[in-house]
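*Asks:* Got a file for you: final.tsv, TSV, C-alpha atoms and all ligand atoms.
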chain	number	residue	atom	x	y	z
I	731	MET	CA	9.77	241.54	106.98
I	732	VAL	CA	12.25	243.88	108.63
I	733	THR	CA	13.13	246.81	106.38
I	734	VAL	CA	15.87	249.40	106.67
I	735	ARG	CA	16.10	253.01	105.54
I	736	GLU	CA	18.57	255.83	105.94
I	737	PHE	CA	17.53	257.99	108.88
I	738	GLY	CA	20.15	260.72	108.65
I	739	VAL	CA	23.78	261.62	109.15
I	740	THR	CA	25.72	262.40	112.34
I	741	LYS	CA	27.72	265.63	112.82
I	742	ASP	CA	30.85	263.70	111.88
I	743	GLY	CA	29.31	262.39	108.65
I	744	ARG	CA	28.28	258.84	109.56
I	745	THR	CA	25.02	257.40	108.28
I	746	VAL	CA	22.37	256.36	110.80
I	747	SER	CA	19.93	253.65	109.71
I	748	CYS	CA	16.40	253.01	110.93
I	749	TYR	CA	15.09	249.43	111.10
I	750	ARG	CA	11.36	248.86	110.94
I	751	ILE	CA	10.11	245.66	112.55
I	752	PRO	CA	6.44	245.19	111.63
I	753	ALA	CA	3.83	243.10	113.44
I	754	GLY	CA	0.71	243.35	111.28
I	755	ALA	CA	-0.06	247.07	111.14
I	756	ALA	CA	1.91	247.68	114.38
I	757	CYS	CA	5.66	248.27	114.36
I	758	LEU	CA	8.84	248.93	116.28
I	759	GLU	CA	11.38	251.25	114.65
I	760	VAL	CA	14.93	251.31	115.99
I	761	LEU	CA	18.05	253.21	115.06
I	762	ASP	CA	21.54	251.75	115.00
I	763	TYR	CA	22.57	254.97	116.77
I	764	GLY	CA	22.37	254.00	120.46
I	765	CYS	CA	20.01	251.06	119.69
I	766	THR	CA	17.43	253.81	120.04
I	767	VAL	CA	13.73	253.07	119.86
I	768	HIS	CA	12.40	255.67	117.49
I	769	ARG	CA	8.78	254.59	117.12
I	770	LEU	CA	6.59	251.97	118.77
I	771	GLU	CA	3.11	251.74	117.29
I	772	VAL	CA	0.45	249.54	118.83
I	773	PRO	CA	-3.36	249.57	118.50
I	774	ASP	CA	-5.53	251.38	121.05
I	775	ARG	CA	-9.00	250.16	122.06
I	776	ASP	CA	-10.47	251.42	118.77
I	777	GLY	CA	-7.73	249.74	116.75
I	778	LYS	CA	-6.05	253.08	116.00
I	779	MET	CA	-2.24	252.81	115.80
I	780	THR	CA	-0.67	254.83	118.60
I	781	ASP	CA	3.03	255.66	118.86
I	782	VAL	CA	3.66	255.04	122.57
I	783	CYS	CA	7.27	256.23	122.84
I	784	LEU	CA	8.83	259.68	122.79
I	785	GLY	CA	11.53	260.51	120.25
I	786	TYR	CA	12.90	262.99	117.74
I	787	ASP	CA	12.74	263.50	113.99
I	788	THR	CA	16.45	264.02	113.31
I	789	VAL	CA	19.84	262.49	114.10
I	790	GLY	CA	21.04	265.91	115.32
I	791	GLU	CA	18.38	265.97	118.03
I	792	TYR	CA	19.26	262.42	119.09
I	793	GLU	CA	22.95	263.41	119.27
I	794	ALA	CA	22.07	266.33	121.54
I	795	ASN	CA	19.68	264.05	123.45
I	796	ASP	CA	20.16	264.99	127.10
I	797	GLY	CA	17.16	262.86	128.07
I	798	TYR	CA	18.38	259.58	126.51
I	799	LEU	CA	15.04	259.23	124.68
I	800	GLY	CA	14.60	255.59	123.66
I	801	ALA	CA	18.31	254.77	123.97
I	802	VAL	CA	20.14	251.76	125.29
I	803	ILE	CA	22.16	252.56	128.41
I	804	GLY	CA	25.57	251.08	129.29
I	805	ARG	CA	27.91	250.01	130.58
I	806	HIS	CA	26.12	251.12	133.68
I	807	GLY	CA	22.60	252.52	133.93
I	808	ASN	CA	21.99	255.33	136.41
I	809	ARG	CA	24.47	256.74	138.90
I	810	ILE	CA	27.75	255.67	140.44
I	811	CYS	CA	28.77	258.00	143.27
I	812	ARG	CA	31.74	260.15	142.18
I	813	GLY	CA	32.33	257.60	139.43
I	814	ARG	CA	34.46	255.57	141.81
I	815	PHE	CA	34.61	251.90	142.59
I	816	THR	CA	37.17	249.36	143.70
I	817	LEU	CA	37.37	245.94	142.09
I	818	ASN	CA	39.92	243.25	143.02
I	819	GLY	CA	41.81	245.88	145.03
I	820	THR	CA	42.15	248.30	142.12
I	821	ALA	CA	40.45	251.70	142.32
I	822	TYR	CA	38.73	252.80	139.11
I	823	ARG	CA	37.67	256.33	138.27
I	824	LEU	CA	34.94	256.72	135.68
I	825	ASN	CA	34.15	259.77	133.63
I	826	CYS	CA	31.77	261.98	135.65
I	827	ASN	CA	29.04	263.61	133.58
I	828	ASP	CA	26.37	264.40	136.20
I	829	GLY	CA	28.03	266.94	138.45
I	830	GLU	CA	30.48	264.92	140.48
I	831	ASN	CA	28.78	261.60	139.67
I	832	HIS	CA	28.77	259.15	136.77
I	833	LEU	CA	25.41	258.75	134.96
I	834	HIS	CA	24.24	256.29	132.29
I	835	GLY	CA	27.70	255.15	131.18
I	836	GLY	CA	29.43	258.56	131.12
I	837	ALA	CA	29.89	261.38	128.62
I	838	LYS	CA	29.96	258.94	125.71
I	839	GLY	CA	27.89	255.99	126.84
I	840	PHE	CA	26.49	253.16	124.73
I	841	ASP	CA	23.67	255.49	123.65
I	842	LYS	CA	26.10	257.60	121.60
I	843	TYR	CA	27.61	254.93	119.35
I	844	ILE	CA	26.48	253.56	116.01
I	845	TRP	CA	26.16	249.80	116.54
I	846	GLN	CA	26.65	247.04	113.99
I	847	ALA	CA	23.27	245.66	113.02
I	848	GLU	CA	22.12	242.29	111.75
I	849	ILE	CA	18.54	241.82	110.62
I	850	LEU	CA	16.67	238.89	112.19
I	851	GLU	CA	13.33	237.41	111.17
I	852	ASP	CA	11.35	239.60	113.57
I	853	GLY	CA	14.04	241.88	114.98
I	854	VAL	CA	17.54	243.33	114.90
I	855	LEU	CA	20.70	242.19	116.64
I	856	PHE	CA	23.03	245.06	117.54
I	857	SER	CA	26.61	244.55	118.62
I	858	ARG	CA	29.73	246.48	119.50
I	859	CYS	CA	32.97	246.16	121.42
I	860	SER	CA	33.39	248.58	124.29
I	861	GLU	CA	37.15	248.87	124.68
I	862	ASP	CA	39.16	248.47	127.85
I	863	GLY	CA	39.24	251.91	129.50
I	864	GLU	CA	36.17	253.30	127.70
I	865	GLU	CA	34.75	255.97	130.05
I	866	GLY	CA	37.09	254.45	132.67
I	867	TYR	CA	35.66	250.89	132.77
I	868	PRO	CA	38.04	247.92	132.81
I	869	GLY	CA	37.96	245.13	130.22
I	870	ASN	CA	37.19	244.80	126.53
I	871	LEU	CA	33.48	244.12	126.61
I	872	HIS	CA	31.70	242.49	123.69
I	873	VAL	CA	28.06	243.53	123.88
I	874	GLN	CA	24.95	242.48	122.02
I	875	VAL	CA	21.50	244.01	122.23
I	876	GLU	CA	18.71	242.12	120.53
I	877	TYR	CA	15.29	243.65	119.97
I	878	ARG	CA	12.41	241.61	118.63
I	879	PHE	CA	8.81	242.63	118.09
I	880	THR	CA	6.35	239.76	117.88
I	881	ARG	CA	2.89	239.25	116.38
I	882	ASP	CA	1.36	239.41	119.84
I	883	TYR	CA	2.94	242.83	120.40
I	884	GLN	CA	5.77	241.78	122.68
I	885	TRP	CA	8.86	243.94	122.47
I	886	ILE	CA	11.55	241.52	123.65
I	887	LEU	CA	14.92	242.97	124.71
I	888	GLU	CA	17.92	240.77	125.36
I	889	TYR	CA	21.31	242.06	126.38
I	890	ARG	CA	24.38	239.84	126.36
I	891	ALA	CA	27.98	240.67	127.17
I	892	GLU	CA	31.33	239.15	127.99
I	893	SER	CA	34.54	240.81	129.15
I	894	ASP	CA	38.22	239.80	129.02
I	895	ARG	CA	38.79	241.31	132.50
I	896	ASP	CA	36.60	241.57	135.58
I	897	THR	CA	34.33	244.59	135.19
I	898	VAL	CA	30.93	245.98	136.19
I	899	ILE	CA	27.80	246.07	134.05
I	900	ASN	CA	24.18	247.18	134.43
I	901	MET	CA	22.39	247.75	131.15
I	902	THR	CA	18.90	249.05	130.49
I	903	ASN	CA	16.74	250.90	127.98
I	904	HIS	CA	15.59	254.47	128.50
I	905	CYS	CA	12.33	254.53	126.55
I	906	TYR	CA	9.82	257.17	127.66
I	907	PHE	CA	6.37	255.59	127.42
I	908	ASN	CA	3.14	257.50	126.91
I	909	LEU	CA	0.26	255.12	126.27
I	910	ASN	CA	-1.94	257.91	124.88
I	911	GLY	CA	0.70	258.62	122.24
I	912	SER	CA	3.84	260.70	121.92
I	913	GLY	CA	3.03	264.39	122.37
I	914	SER	CA	-0.42	263.78	123.87
I	915	GLY	CA	0.36	265.50	127.18
I	916	ASP	CA	1.45	264.16	130.55
I	917	VAL	CA	1.19	260.66	131.96
I	918	LYS	CA	-0.23	261.62	135.36
I	919	GLY	CA	-3.47	259.79	134.51
I	920	HIS	CA	-1.65	256.51	133.73
I	921	MET	CA	-2.04	253.69	136.23
I	922	LEU	CA	1.10	251.91	137.34
I	923	ARG	CA	1.21	248.60	139.15
I	924	LEU	CA	4.51	247.23	140.43
I	925	ASN	CA	5.38	243.94	142.07
I	926	ALA	CA	7.67	245.81	144.42
I	927	GLY	CA	7.38	245.70	148.20
I	928	ALA	CA	10.41	247.93	148.72
I	929	PHE	CA	12.40	250.74	147.14
I	930	THR	CA	15.91	252.08	147.52
I	931	GLU	CA	15.99	255.43	149.30
I	932	ASN	CA	17.77	258.26	147.53
I	933	GLY	CA	20.40	260.31	149.29
I	934	PRO	CA	21.84	263.55	147.85
I	935	GLY	CA	22.40	263.60	144.08
I	936	CYS	CA	19.61	261.06	143.45
I	937	LEU	CA	21.99	258.30	144.58
I	938	PRO	CA	20.67	255.33	146.53
I	939	ASN	CA	22.18	255.57	150.01
I	940	GLY	CA	22.01	251.82	150.67
I	941	ARG	CA	18.73	251.80	152.62
I	942	ILE	CA	16.03	249.48	151.31
I	943	LEU	CA	12.67	250.62	152.69
I	944	PRO	CA	9.23	248.99	152.59
I	945	VAL	CA	6.73	250.77	150.31
I	946	GLU	CA	3.87	250.22	152.74
I	947	HIS	CA	2.27	253.50	153.92
I	948	THR	CA	4.46	255.51	151.54
I	949	VAL	CA	3.96	257.23	148.17
I	950	PHE	CA	5.97	254.35	146.69
I	951	ASP	CA	3.26	251.75	147.12
I	952	PHE	CA	2.16	250.74	143.61
I	953	ARG	CA	1.36	247.15	144.52
I	954	GLY	CA	-2.37	247.54	144.04
I	955	GLY	CA	-2.07	249.92	141.06
I	956	LYS	CA	-2.05	253.69	141.48
I	957	MET	CA	-2.29	256.69	139.20
I	958	LEU	CA	1.15	258.14	138.58
I	959	GLY	CA	-0.11	261.65	139.28
I	960	ARG	CA	-1.87	260.86	142.54
I	961	ASP	CA	1.06	261.61	144.84
I	962	LEU	CA	3.51	263.12	142.34
I	963	GLU	CA	3.19	266.68	143.60
I	964	LEU	CA	2.85	265.90	147.29
I	965	ASP	CA	5.25	267.68	149.60
I	966	GLU	CA	7.14	264.49	150.32
I	967	GLU	CA	10.91	264.87	150.74
I	968	GLN	CA	11.96	261.93	148.46
I	969	LEU	CA	9.75	263.19	145.62
I	970	ARG	CA	10.29	266.92	146.09
I	971	VAL	CA	14.08	266.85	145.75
I	972	VAL	CA	13.94	265.14	142.35
I	973	GLY	CA	10.66	266.67	141.11
I	974	GLY	CA	8.66	263.42	141.00
I	975	TYR	CA	9.53	259.73	140.89
I	976	ASP	CA	13.15	258.92	140.10
I	977	HIS	CA	13.59	255.84	142.25
I	978	ASN	CA	14.67	252.25	142.01
I	979	PHE	CA	12.04	249.74	143.10
I	980	VAL	CA	13.04	246.37	144.47
I	981	LEU	CA	11.11	243.73	142.55
I	982	GLU	CA	9.65	240.80	144.44
I	983	GLN	CA	11.82	238.51	142.37
I	984	THR	CA	15.12	239.81	143.78
I	985	ALA	CA	15.91	236.53	145.48
I	986	ALA	CA	15.68	234.78	142.13
I	987	ALA	CA	17.80	237.36	140.25
I	988	ASP	CA	19.87	236.04	137.36
I	989	LYS	CA	17.24	233.51	136.45
I	990	GLU	CA	16.81	232.85	132.78
I	991	LEU	CA	13.12	233.62	132.34
I	992	PRO	CA	11.69	237.10	132.81
I	993	GLU	CA	9.04	237.35	135.55
I	994	GLU	CA	6.21	239.86	135.74
I	995	ALA	CA	7.37	243.13	137.27
I	996	GLY	CA	4.18	245.16	136.80
I	997	ALA	CA	2.06	246.99	134.28
I	998	LEU	CA	1.27	250.46	132.98
I	999	TRP	CA	-2.19	251.29	131.71
I	1000	SER	CA	-4.07	254.25	130.32
I	1001	GLY	CA	-7.84	254.37	130.73
I	1002	LYS	CA	-7.98	256.91	127.91
I	1003	SER	CA	-6.48	254.75	125.12
I	1004	GLY	CA	-7.12	251.42	126.87
I	1005	ILE	CA	-3.51	250.43	126.09
I	1006	CYS	CA	-1.85	248.27	128.71
I	1007	MET	CA	1.86	247.48	128.85
I	1008	LYS	CA	2.95	244.55	130.97
I	1009	ILE	CA	6.59	244.36	132.01
I	1010	TYR	CA	8.54	241.15	132.52
I	1011	THR	CA	12.20	241.04	133.45
I	1012	THR	CA	15.09	238.99	134.78
I	1013	GLN	CA	16.35	242.05	136.67
I	1014	PRO	CA	16.05	242.71	140.41
I	1015	GLY	CA	15.09	246.39	140.09
I	1016	ILE	CA	13.18	248.93	138.04
I	1017	GLN	CA	13.83	252.66	137.92
I	1018	VAL	CA	10.60	254.62	137.72
I	1019	TYR	CA	11.43	258.01	136.26
I	1020	THR	CA	8.54	260.37	135.56
I	1021	ALA	CA	10.54	262.55	133.12
I	1022	ASN	CA	11.01	265.22	135.77
I	1023	VAL	CA	13.79	267.01	133.90
I	1024	LEU	CA	12.44	266.51	130.40
I	1025	THR	CA	12.62	270.24	129.80
I	1026	ASP	CA	10.21	271.77	127.26
I	1027	ARG	CA	11.38	270.79	123.80
I	1028	PRO	CA	10.13	269.87	120.33
I	1029	GLY	CA	9.65	266.15	119.76
I	1030	LYS	CA	8.70	263.83	116.90
I	1031	ASP	CA	6.03	264.64	114.32
I	1032	GLY	CA	5.53	268.23	115.51
I	1033	ALA	CA	4.97	267.30	119.17
I	1034	GLN	CA	6.04	269.50	122.08
I	1035	TYR	CA	7.36	267.66	125.12
I	1036	HIS	CA	7.18	268.88	128.71
I	1037	PRO	CA	8.11	267.42	132.12
I	1038	HIS	CA	6.06	264.29	132.96
I	1039	ASP	CA	5.05	263.70	129.32
I	1040	GLY	CA	6.40	260.15	129.54
I	1041	VAL	CA	7.53	257.59	132.06
I	1042	CYS	CA	10.68	255.47	131.91
I	1043	LEU	CA	10.46	252.01	133.43
I	1044	GLU	CA	14.10	250.96	133.36
I	1045	THR	CA	14.70	247.36	134.36
I	1046	GLN	CA	18.09	247.12	136.00
I	1047	TYR	CA	20.37	246.23	138.88
I	1048	PHE	CA	20.25	248.87	141.62
I	1049	PRO	CA	22.11	252.14	141.00
I	1050	ASN	CA	25.22	252.86	143.06
I	1051	SER	CA	25.60	249.17	143.91
I	1052	MET	CA	29.37	249.25	144.32
I	1053	GLU	CA	28.96	251.55	147.33
I	1054	CYS	CA	26.12	249.52	148.81
I	1055	PRO	CA	27.35	245.98	149.52
I	1056	GLU	CA	23.86	244.79	150.50
I	1057	PHE	CA	22.63	245.37	146.91
I	1058	PRO	CA	22.89	242.53	144.34
I	1059	SER	CA	26.33	242.50	142.71
I	1060	ILE	CA	26.92	244.12	139.31
I	1061	VAL	CA	30.38	242.58	138.93
I	1062	LEU	CA	30.92	240.61	135.73
I	1063	LYS	CA	33.89	238.28	136.03
I	1064	LYS	CA	36.25	237.71	133.13
I	1065	GLY	CA	34.77	235.14	130.75
I	1066	GLU	CA	31.40	235.04	132.56
I	1067	LYS	CA	28.30	235.62	130.47
I	1068	TYR	CA	26.07	238.60	131.25
I	1069	ARG	CA	22.48	238.33	130.16
I	1070	GLN	CA	19.45	240.45	130.91
I	1071	ALA	CA	16.06	240.02	129.31
I	1072	THR	CA	13.04	242.29	129.50
I	1073	ILE	CA	9.69	242.13	127.72
I	1074	TYR	CA	7.23	244.97	127.28
I	1075	GLU	CA	3.95	243.42	126.18
I	1076	PHE	CA	1.16	245.55	124.73
I	1077	GLY	CA	-2.55	244.90	124.69
I	1078	VAL	CA	-5.87	246.58	125.42
I	1079	THR	CA	-7.68	246.10	128.71
I	1080	GLY	CA	-10.39	247.74	130.78
I	1081	ALA	CA	-8.27	247.94	133.95
I	1082	ILE	CA	-5.08	246.63	135.51
K	1101	LIG	C1	17.61	259.00	135.89
K	1101	LIG	C2	17.35	260.47	136.09
K	1101	LIG	C3	17.99	261.24	134.98
K	1101	LIG	C4	17.45	260.74	133.68
K	1101	LIG	C5	18.14	261.39	132.53
K	1101	LIG	C6	16.99	258.61	134.61
K	1101	LIG	O1	17.19	257.26	134.37
K	1101	LIG	O2	17.13	258.21	136.94
K	1101	LIG	O3	17.86	260.90	137.33
K	1101	LIG	O4	17.75	262.62	135.11
K	1101	LIG	O5	17.59	259.36	133.57
K	1101	LIG	O6	17.33	261.51	131.48
How does this structure look as structure tokens?
*Replies:*
Amino acid sequence: MVTVREFGVTKDGRTVSCYRIPAGAACLEVLDYGCTVHRLEVPDRDGKMTDVCLGYDTVGEYEANDGYLGAVIGRHGNRICRGRFTLNGTAYRLNCNDGENHLHGGAKGFDKYIWQAEILEDGVLFSRCSEDGEEGYPGNLHVQVEYRFTRDYQWILEYRAESDRDTVINMTNHCYFNLNGSGSGDVKGHMLRLNAGAFTENGPGCLPNGRILPVEHTVFDFRGGKMLGRDLELDEEQLRVVGGYDHNFVLEQTAAADKELPEEAGALWSGKSGICMKIYTTQPGIQVYTANVLTDRPGKDGAQYHPHDGVCLETQYFPNSMECPEFPSIVLKKGEKYRQATIYEFGVTGAI
């Protein structure tokens, strides 16, 4: 049964609640503040419960959260160059919060709101209305984020939205995974496998420049499974300028984007804990971000976090799509239904 407790109070005096979704002895804990994943406990190979996501102990730390730990991201995940785009002949200017660019929905993105919550049998349904003009985006957008956590350790995320004017949308979740447990050190020894034959090259400012390049013979080839740390510190231009991986991978399923059922995108595995996380999504891309700018800071339960102590695997449309016409479109027409679904499935295996 899903239970709820008071988690804390925001600077402006609003109560933040924490919902605990159990699955046997495992659980997913989420806050109504930013639909933030606070705790995700799954068994390791010895059956020991391991909290595989990074987070904080207090609302104040989540409010100051420059790393978006565990939060939902919207309206638009990742960067839009100079926060500018043109839709139906009208030029829009979004709030720029990453130097001259727009990042993760702006200064007050979806991660910084308290959402309405409805308890489901094995999950929570969050909803809010993002008003016309919020952070510069057109259209009143009704958004729902549904998290469920099942008996077979599937964390199922579904995002739904509808706008009363044409707009753009690209939602994701910014969970930092560490399959050895939050605060256990870096994830360089984790194996990552991706069903991605190409990636989008970054130009200045960590913005895709429109070029889609094959991963073959590059440090971006995770098709056969590769340790995250193997090439991380190589003197390779694309990695060096952002301090590790911070790139959008083009999933093999791009041609079938918008389909209803999530398809396998890849898996993350730790040989130390034996925990494996398979990823399924309806989305055409996945941002692999190796927590390069997760500056040293205190985390949950007395942990200390450092760069590379987690990895975000953000299922999404490609960043900066409005400037790159060859990328799949992020336009949501008035009255059309937006839906994205992603599943992170946990288990224990001997390899990936
Ligand atoms: C982005 C990084 C950014 C980080 C913020 C990631 O999704 O790709 O460039 O620094 O979020 O925590």
*Asks:* Nearest to I:Met957 among I:Gly777, I:Pro934, I:Gly1001, I:Gly996, with distances taken over all atoms listed in the file: which residue is it?
*Replies:* I:Gly1001
*Asks:* Could you list, as a VMD selection string, all the residues within 6 Å of ligand LIG 1101 (chain K), counting all atoms listed in the file?
*Replies:* chain I and resid 797 to 798 808 976 1019
*Asks:* Can I get the residues of stretch 880-908 of chain I within 7 Å of stretch 1059-1081 of chain I, each with the closest pair of atoms and their distance in Å to one decimal, using only C-alpha atoms, sorted chain first then ascending number, as a Markdown table?
*Replies:*
| residue | atom | partner | partner_atom | distance |
| --- | --- | --- | --- | --- |
| I:Tyr883 | CA | I:Phe1076 | CA | 5.4 |
| I:Gln884 | CA | I:Glu1075 | CA | 4.3 |
| I:Trp885 | CA | I:Tyr1074 | CA | 5.2 |
| I:Ile886 | CA | I:Ile1073 | CA | 4.5 |
| I:Leu887 | CA | I:Thr1072 | CA | 5.2 |
| I:Glu888 | CA | I:Ala1071 | CA | 4.4 |
| I:Tyr889 | CA | I:Gln1070 | CA | 5.2 |
| I:Arg890 | CA | I:Arg1069 | CA | 4.5 |
| I:Ala891 | CA | I:Tyr1068 | CA | 5.0 |
| I:Glu892 | CA | I:Lys1067 | CA | 5.3 |
| I:Ser893 | CA | I:Lys1064 | CA | 5.3 |
| I:Asp894 | CA | I:Lys1064 | CA | 5.0 |
| I:Arg895 | CA | I:Lys1064 | CA | 4.5 |
| I:Asp896 | CA | I:Lys1063 | CA | 4.3 |
| I:Thr897 | CA | I:Leu1062 | CA | 5.3 |
| I:Val898 | CA | I:Val1061 | CA | 4.4 |
| I:Ile899 | CA | I:Ile1060 | CA | 5.7 |
| I:Asn900 | CA | I:Ile1060 | CA | 6.4 |
*Asks:* Can you write just those residues out, C-alpha atoms, as a PDB file, in the frame of the given file?
*Replies:*
ATOM      1  CA  TYR I 883       2.940 242.830 120.400  1.00  0.00           C
ATOM      2  CA  GLN I 884       5.770 241.780 122.680  1.00  0.00           C
ATOM      3  CA  TRP I 885       8.860 243.940 122.470  1.00  0.00           C
ATOM      4  CA  ILE I 886      11.550 241.520 123.650  1.00  0.00           C
ATOM      5  CA  LEU I 887      14.920 242.970 124.710  1.00  0.00           C
ATOM      6  CA  GLU I 888      17.920 240.770 125.360  1.00  0.00           C
ATOM      7  CA  TYR I 889      21.310 242.060 126.380  1.00  0.00           C
ATOM      8  CA  ARG I 890      24.380 239.840 126.360  1.00  0.00           C
ATOM      9  CA  ALA I 891      27.980 240.670 127.170  1.00  0.00           C
ATOM     10  CA  GLU I 892      31.330 239.150 127.990  1.00  0.00           C
ATOM     11  CA  SER I 893      34.540 240.810 129.150  1.00  0.00           C
ATOM     12  CA  ASP I 894      38.220 239.800 129.020  1.00  0.00           C
ATOM     13  CA  ARG I 895      38.790 241.310 132.500  1.00  0.00           C
ATOM     14  CA  ASP I 896      36.600 241.570 135.580  1.00  0.00           C
ATOM     15  CA  THR I 897      34.330 244.590 135.190  1.00  0.00           C
ATOM     16  CA  VAL I 898      30.930 245.980 136.190  1.00  0.00           C
ATOM     17  CA  ILE I 899      27.800 246.070 134.050  1.00  0.00           C
ATOM     18  CA  ASN I 900      24.180 247.180 134.430  1.00  0.00           C
TER      19      ASN I 900
END
*Asks:* Given all atoms listed in the file as the basis, pick out the residue of I:Arg750, I:Leu850, I:Tyr867, I:Ser914 nearest to I:Ala1033.
*Replies:*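 Closest to I:Ala1033 of all the choices is I:Ser914.
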*Asks:* Of the candidates I:Ser912, I:Asn831, I:Thr1012, I:Thr740, which one gets nearest to I:Gly1029 if we count all atoms listed in the file?
*Replies:*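 Distance minimum relative to I:Gly1029 lands on I:Ser912.
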*Asks:* Name the closest residue to I:His977 among the candidates I:Arg881, I:Arg809, I:Lys741, I:Arg953; distances are taken between atoms, counting only C-alpha atoms.
*Replies:*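 Of I:Arg881, I:Arg809, I:Lys741, I:Arg953, the one nearest I:His977 is I:Arg809, counting only C-alpha atoms.
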*Asks:* Taking into account all atoms listed in the file, which residue in the set I:Glu993, I:Glu963, I:Asp781, I:Asp742 is nearest to I:Gly913?
*Replies:* I:Asp781
*Asks:* How far is it from atom CA of I:Gly853 to atom CA of I:Ala997, in Å with one decimal?
*Replies:*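 Interatomic distance, atom CA of I:Gly853 to atom CA of I:Ala997: 23.3 Å.
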*Asks:* Quick test: take stretch 1009-1022 of chain I, keep N, CA and C atoms, and write it as a compact mmCIF listing (two decimals), in the first residue's frame.
*Replies:*
# COMPACT_ATOMS: atom_id res chain seq x y z
N ILE I 1009 16.60 -0.53 -19.48
CA ILE I 1009 15.86 0.70 -19.80
C ILE I 1009 15.02 0.44 -21.05
N TYR I 1010 13.74 0.78 -20.95
CA TYR I 1010 12.84 0.68 -22.10
C TYR I 1010 12.21 2.05 -22.28
N THR I 1011 12.02 2.48 -23.51
CA THR I 1011 11.41 3.79 -23.71
C THR I 1011 10.71 3.92 -25.06
N THR I 1012 9.79 4.89 -25.11
CA THR I 1012 9.16 5.25 -26.38
C THR I 1012 9.95 6.36 -27.08
N GLN I 1013 10.98 6.88 -26.41
CA GLN I 1013 11.66 8.08 -26.90
C GLN I 1013 12.78 7.76 -27.91
N PRO I 1014 13.08 8.71 -28.78
CA PRO I 1014 14.11 8.45 -29.79
C PRO I 1014 15.55 8.65 -29.29
N GLY I 1015 15.71 9.28 -28.11
CA GLY I 1015 17.08 9.57 -27.65
C GLY I 1015 17.26 9.30 -26.17
N ILE I 1016 18.53 9.28 -25.76
CA ILE I 1016 18.84 9.14 -24.33
C ILE I 1016 20.10 9.96 -24.05
N GLN I 1017 19.99 10.84 -23.07
CA GLN I 1017 21.15 11.65 -22.68
C GLN I 1017 21.93 10.87 -21.63
N VAL I 1018 23.19 10.60 -21.95
CA VAL I 1018 24.05 9.94 -20.96
C VAL I 1018 24.88 11.05 -20.33
N TYR I 1019 24.67 11.24 -19.04
CA TYR I 1019 25.36 12.33 -18.33
C TYR I 1019 26.05 11.72 -17.11
N THR I 1020 27.37 11.75 -17.12
CA THR I 1020 28.14 11.09 -16.07
C THR I 1020 28.41 12.02 -14.87
N ALA I 1021 27.46 12.87 -14.56
CA ALA I 1021 27.53 13.74 -13.37
C ALA I 1021 28.84 14.51 -13.31
N ASN I 1022 29.21 15.07 -14.45
CA ASN I 1022 30.51 15.75 -14.57
C ASN I 1022 30.61 16.99 -13.69
